[in-house]
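Here is the structure we will look at, set down as structure tokens.
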Amino acid sequence: MSEITDEIKVREEKLRNLKEAGIEPYPYSYDLKENISDIVKKYREKSEEELEKEEIETSTAGRIIAKRIMGGASFFHITNGKDKLQLYLKKNIVGNERYKLFKTFDLGDFVGVKGKLFKTRTGELTLVVEDFKFLSKCLLPLPEKWHGLQDKELRFRQRYLDLFINPESREIFEKRFKMIREIRRFLDSRDYIEVETPMMQPIPGGAIAKPFITHHNALNIDLYLRIAPELYLKRLLVGGFERVYEINRNFRNEGISSQHNPEFTMLEFYQAYSDFEDLIKLTEELFEYLINKGIASEKVNFEGNEIKLSPPFQKLDFIEAIAKYSPLSKEDILNKEKLIAHAVGLAGEDNLVPTYGKALDYVFDEYVKDNLIQPTFILNHPEEISPLSKPHRKMPGRTERFELFMAKMELANGFSELNDPDIQLQRFKEQVKDREAGDEEAHLIDYDYIKALQYGMPPAAGEGIGIDRLTMVITGTRSIKEVILFPLLKPKS
């Protein structure tokens with residue numbers, strides 16, 4: 001620890017020296033001709049002879065990540081976090097005083113450089129520095145293991161270090177944001193309109209989850225951070241928008257795990273005059289599109305399993321899935337009292353709320369999820385766990401709903417939308433009974449939404465896709481913290 005403190009003192013002294021020498025340590029800008037990645041991409045394939053003949057002059061900037069100091073000439077490497085470029089500094093080119101100054105620059109400092117490109121005997125693309133400008137002082141020493149910051153907690157708490165030290169982390173996020181861009185293009189090309197809905201809501205709705213509560217002082221009312229945008233997006237269907245989507249931030253007051261972060265990103269989209277089978281088809285088309293665009297591969301390795309992302313995906317009935325992977329029969333599962341008793345016994349100290357809906361969710365999670373490695377649509381959920389879904393036209397007590405699972409995770413949830421205001425109100429009232437029985441995640445009654453349905457909502461289907469989990473699968477990443485730039489962590493004491 002004392003060594004780090006001593007190094008910080010040395011760096012602070014160098015900062016003072018820069019100021020005393022009349023050098024601004026934090027200038028406003030630098031006029032660079034090309035960034036490091038552009039230079040590497042354009043010139044790395046050129047031969048030594050070609051570079052010498054063309055005499056390519058350029059200017060760029062980056063963070064110093066390595067230096068090899070010698071007598072009258074030294075080598076440095078700078079990076080933009082994605083690519084790196086070698087610098088060759090000669091005393092007889094920049095002058096003795098400037099050469100001595102550059103040698104005092106620390107790892108982590110930013111510098112702008114101008115010069116000509118050439119290749120060393122080992123074939124490394126290099127810039128001979130003819131002029132330079134100091135751009136920013138790094139006052140804290142970089143982690144010792146430059147070629148891989150391994151402390152996961154440090155990586156998540158100080159993502160800014162992780163991004164420029166670990167190229168693989170940067171690649172994950174670049175893929176994430178390219179994926180989001182392509183999802184937008186996919187939906188835009190199908191006449192969807194991107195919209196924005198409230199993140200603070202007077203009544204939390206659209207999902208079965210526990211919300212975060214805040215208070216608005218001027219209005220003196222409690223508000224809830226949204227758990228889903230669903231009920232507002234469906235209000236837009238009532239208003240005449242036939243195809244809408246939102247890539248939104250949702251907030252759920254739940255535990256943190258490798259698959260859960262209280263703040264997460266969801267894509268939700270709604271399509272009038274369609275049902276859940278239309279969206280099953282659209283979901284497969286989306287995966288095919290992402291594969292064709294090079295965002296996803298046809299097969300990915302996830303925790304030692306090769307997962308086939310190329311459609312079509314297999315389909316399995318919700319009740320049949322539990323019967324297939326659990327000791328329960330179909331009759332046991334449909335027997336509400338028997339299933340509740342089994343789930344409560346299975347939960348033990350988890351203190352499961354004794355409702356049929358909670359019991360269904362619990363036994364499914366316990367027996368089925370870990371078996372859903374390959375992409376699988378789970379279909380026809382019971383009404384008790386699908387309060388916003390349209391009743392199944394052929395299966396009493398069930399709904400026209402699907403969930404897409406892969407890599408042991410739920411990635412998507414969609415259904416034919418319930419647009420009968422009377423049935424919806426009755427479903428809400430049943431949720432209130434579950435809430436009174438102790439289920440804090442049960443749906444509240446949103447009377448304004450009921451009023452909207454009374455004005456008439458066209459037949460429609462809607463779906464939500466978890467962007468974070470989709471990124472996990474596409475990149476073969478095991479923890480949701482690896483795909484969220486700044487995941488929620490418990491503050492250090």
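Each chain in the structure tokens gets a letter, A, B and so on, in the order shown; residues start at 1 in every chain, and ligands are counted from 1 in the order they appear.
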> Which residues come within 12 Å of A:Glu174, counting only C-alpha atoms, excluding same-chain residues fewer than 2 positions away, as a ChimeraX atom specification?
Replying inline: /A:81-82,163,167-172,176-181,295,471,475,483-485
Written selection (N, CA and C atoms) as a short mmCIF file (atom, residue, chain, number, x, y, z; two decimals), in the first residue's frame:
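Saved result, result35.cif, follows:
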```cif
data_model
loop_
_atom_site.label_atom_id
_atom_site.label_comp_id
_atom_site.auth_asym_id
_atom_site.auth_seq_id
_atom_site.Cartn_x
_atom_site.Cartn_y
_atom_site.Cartn_z
N GLY A 81 -8.42 2.02 -26.17
CA GLY A 81 -9.27 1.06 -25.48
C GLY A 81 -9.63 -0.12 -26.35
N LYS A 82 -9.48 0.05 -27.66
CA LYS A 82 -9.80 -1.02 -28.61
C LYS A 82 -8.56 -1.52 -29.31
N LEU A 163 -12.86 -1.46 -19.14
CA LEU A 163 -13.09 -1.26 -20.57
C LEU A 163 -11.80 -1.02 -21.35
N PRO A 167 -9.87 -5.94 -23.43
CA PRO A 167 -10.55 -5.78 -24.72
C PRO A 167 -11.81 -6.63 -24.85
N GLU A 168 -11.82 -7.81 -24.20
CA GLU A 168 -12.99 -8.68 -24.32
C GLU A 168 -14.23 -8.05 -23.69
N SER A 169 -14.05 -7.24 -22.64
CA SER A 169 -15.19 -6.54 -22.04
C SER A 169 -15.74 -5.50 -23.00
N ARG A 170 -14.86 -4.75 -23.61
CA ARG A 170 -15.29 -3.75 -24.59
C ARG A 170 -16.04 -4.42 -25.74
N GLU A 171 -15.57 -5.59 -26.19
CA GLU A 171 -16.21 -6.30 -27.30
C GLU A 171 -17.63 -6.71 -26.94
N ILE A 172 -17.84 -7.12 -25.68
CA ILE A 172 -19.19 -7.51 -25.25
C ILE A 172 -20.14 -6.32 -25.39
N ARG A 176 -23.35 -5.65 -27.74
CA ARG A 176 -24.65 -5.32 -27.16
C ARG A 176 -25.29 -4.15 -27.88
N PHE A 177 -24.55 -3.07 -28.06
CA PHE A 177 -25.14 -1.87 -28.63
C PHE A 177 -25.36 -2.00 -30.14
N LYS A 178 -24.55 -2.81 -30.82
CA LYS A 178 -24.83 -3.11 -32.23
C LYS A 178 -26.10 -3.94 -32.33
N MET A 179 -26.30 -4.87 -31.39
CA MET A 179 -27.51 -5.69 -31.38
C MET A 179 -28.75 -4.82 -31.21
N ILE A 180 -28.70 -3.87 -30.28
CA ILE A 180 -29.84 -2.98 -30.06
C ILE A 180 -30.13 -2.16 -31.32
N ARG A 181 -29.07 -1.70 -31.97
CA ARG A 181 -29.24 -0.93 -33.21
C ARG A 181 -29.93 -1.77 -34.27
N ILE A 295 -24.52 -10.40 -35.87
CA ILE A 295 -24.59 -10.08 -34.45
C ILE A 295 -24.58 -11.35 -33.61
N THR A 471 -28.09 -10.54 -24.61
CA THR A 471 -26.66 -10.26 -24.78
C THR A 471 -25.82 -11.36 -24.15
N THR A 475 -23.23 -13.55 -26.45
CA THR A 475 -21.79 -13.42 -26.18
C THR A 475 -21.24 -14.57 -25.34
N VAL A 483 -22.67 -7.81 -18.75
CA VAL A 483 -23.29 -7.19 -19.92
C VAL A 483 -24.00 -5.88 -19.59
N ILE A 484 -23.97 -5.48 -18.31
CA ILE A 484 -24.51 -4.18 -17.89
C ILE A 484 -23.32 -3.30 -17.54
N LEU A 485 -23.23 -2.14 -18.14
CA LEU A 485 -22.05 -1.29 -17.94
C LEU A 485 -21.80 -1.01 -16.46
#
```
>> So that I can see what lies close to stretch 9-26 of chain A, please list as a ChimeraX atom specification the residues with an atom at most 9 Å from it, counting only C-alpha atoms and leaving out residues fewer than 3 positions away in the same chain.
In response: /A:4-6,29,101,104-106,134-141
Closest atom pairs, stretch 201-272 of chain A residues within 6 Å of stretch 454-461 of chain A, only C-alpha atoms, as CSV:
```
residue,atom,partner,partner_atom,distance
A:Val238,CA,A:Met457,CA,4.7
A:Tyr270,CA,A:Ala461,CA,5.8
A:Gln271,CA,A:Ala461,CA,5.5
A:Ala272,CA,A:Ala460,CA,4.1
```
> If you count only C-alpha atoms, which residues fall within 12 Å of A:Arg184, apart from same-chain ones fewer than 5 positions away, as a list of chain:residue names?
Replying inline: A:Phe177, A:Lys178, A:Met179, A:Ser189, A:Arg190, A:Asp191, A:Tyr192, A:Ile193, A:Glu194, A:Val195, A:Val244, A:Tyr245, A:Glu246, A:Ile247, A:Leu267, A:Glu268, A:Phe269, A:Leu286, A:Tyr289, A:Leu290
> Of the candidates A:Leu225, A:Ile467, A:Ala73, A:Ile78, which one gets nearest to A:Ile93 if we count only C-alpha atoms?
Replying inline: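 Counting only C-alpha atoms, the residue closest to A:Ile93 is A:Ala73.
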> Which is closest to A:Leu125 among A:Val113, A:Ile36, A:Leu379, A:Ile373, if we use only C-alpha atoms?
Replying inline: A:Ile36
>> Given only C-alpha atoms as the basis, pick out the residue of A:Ala66, A:Lys451, A:Glu482, A:Pro487 nearest to A:Phe173.
In response: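 Ranking A:Ala66, A:Lys451, A:Glu482, A:Pro487 by distance to A:Phe173, first place goes to A:Glu482.
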> Could you pull the residues within 9 Å of A:Glu430, counting only C-alpha atoms, minus those fewer than 5 positions along the same chain, as a list in words?
Replying inline: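 So, after excluding close chain neighbours, the residues are Glu384, Pro387, Leu425, Arg435 and His443 of chain A.
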Any chance you can output those residues with N, CA and C atoms as an mmCIF file, in the first residue's frame?
```cif
data_model
loop_
_atom_site.group_PDB
_atom_site.id
_atom_site.type_symbol
_atom_site.label_atom_id
_atom_site.label_comp_id
_atom_site.auth_asym_id
_atom_site.auth_seq_id
_atom_site.Cartn_x
_atom_site.Cartn_y
_atom_site.Cartn_z
ATOM 1 N N GLU A 384 -53.887 -18.190 -13.813
ATOM 2 C CA GLU A 384 -53.461 -17.663 -12.517
ATOM 3 C C GLU A 384 -52.118 -16.940 -12.581
ATOM 4 N N PRO A 387 -52.250 -12.787 -15.844
ATOM 5 C CA PRO A 387 -53.424 -11.923 -15.674
ATOM 6 C C PRO A 387 -53.713 -10.990 -16.840
ATOM 7 N N LEU A 425 -60.803 -6.805 -15.593
ATOM 8 C CA LEU A 425 -61.110 -6.332 -14.246
ATOM 9 C C LEU A 425 -61.229 -7.501 -13.281
ATOM 10 N N ARG A 435 -52.772 -10.822 -3.406
ATOM 11 C CA ARG A 435 -52.000 -9.831 -2.666
ATOM 12 C C ARG A 435 -52.386 -9.855 -1.188
ATOM 13 N N HIS A 443 -50.602 -8.194 -9.042
ATOM 14 C CA HIS A 443 -50.983 -6.988 -9.772
ATOM 15 C C HIS A 443 -52.008 -6.167 -8.995
#
```
>> Let's see if you can do this: from backbone DSSP, list all strand (DSSP E or B) residues in stretch 174-287 of chain A, as a count of residues only.
In response: 32
> With distances taken over only C-alpha atoms, which of A:Glu440, A:Asp317, A:Thr283, A:Asn305 is nearest to A:Phe212?
Replying inline: A:Glu440
> Counting only C-alpha atoms, what is within 9 Å of A:Lys133, bar same-chain residues fewer than 6 positions away, as a PyMOL selection string?
Replying inline: chain A and resi 30+110-114
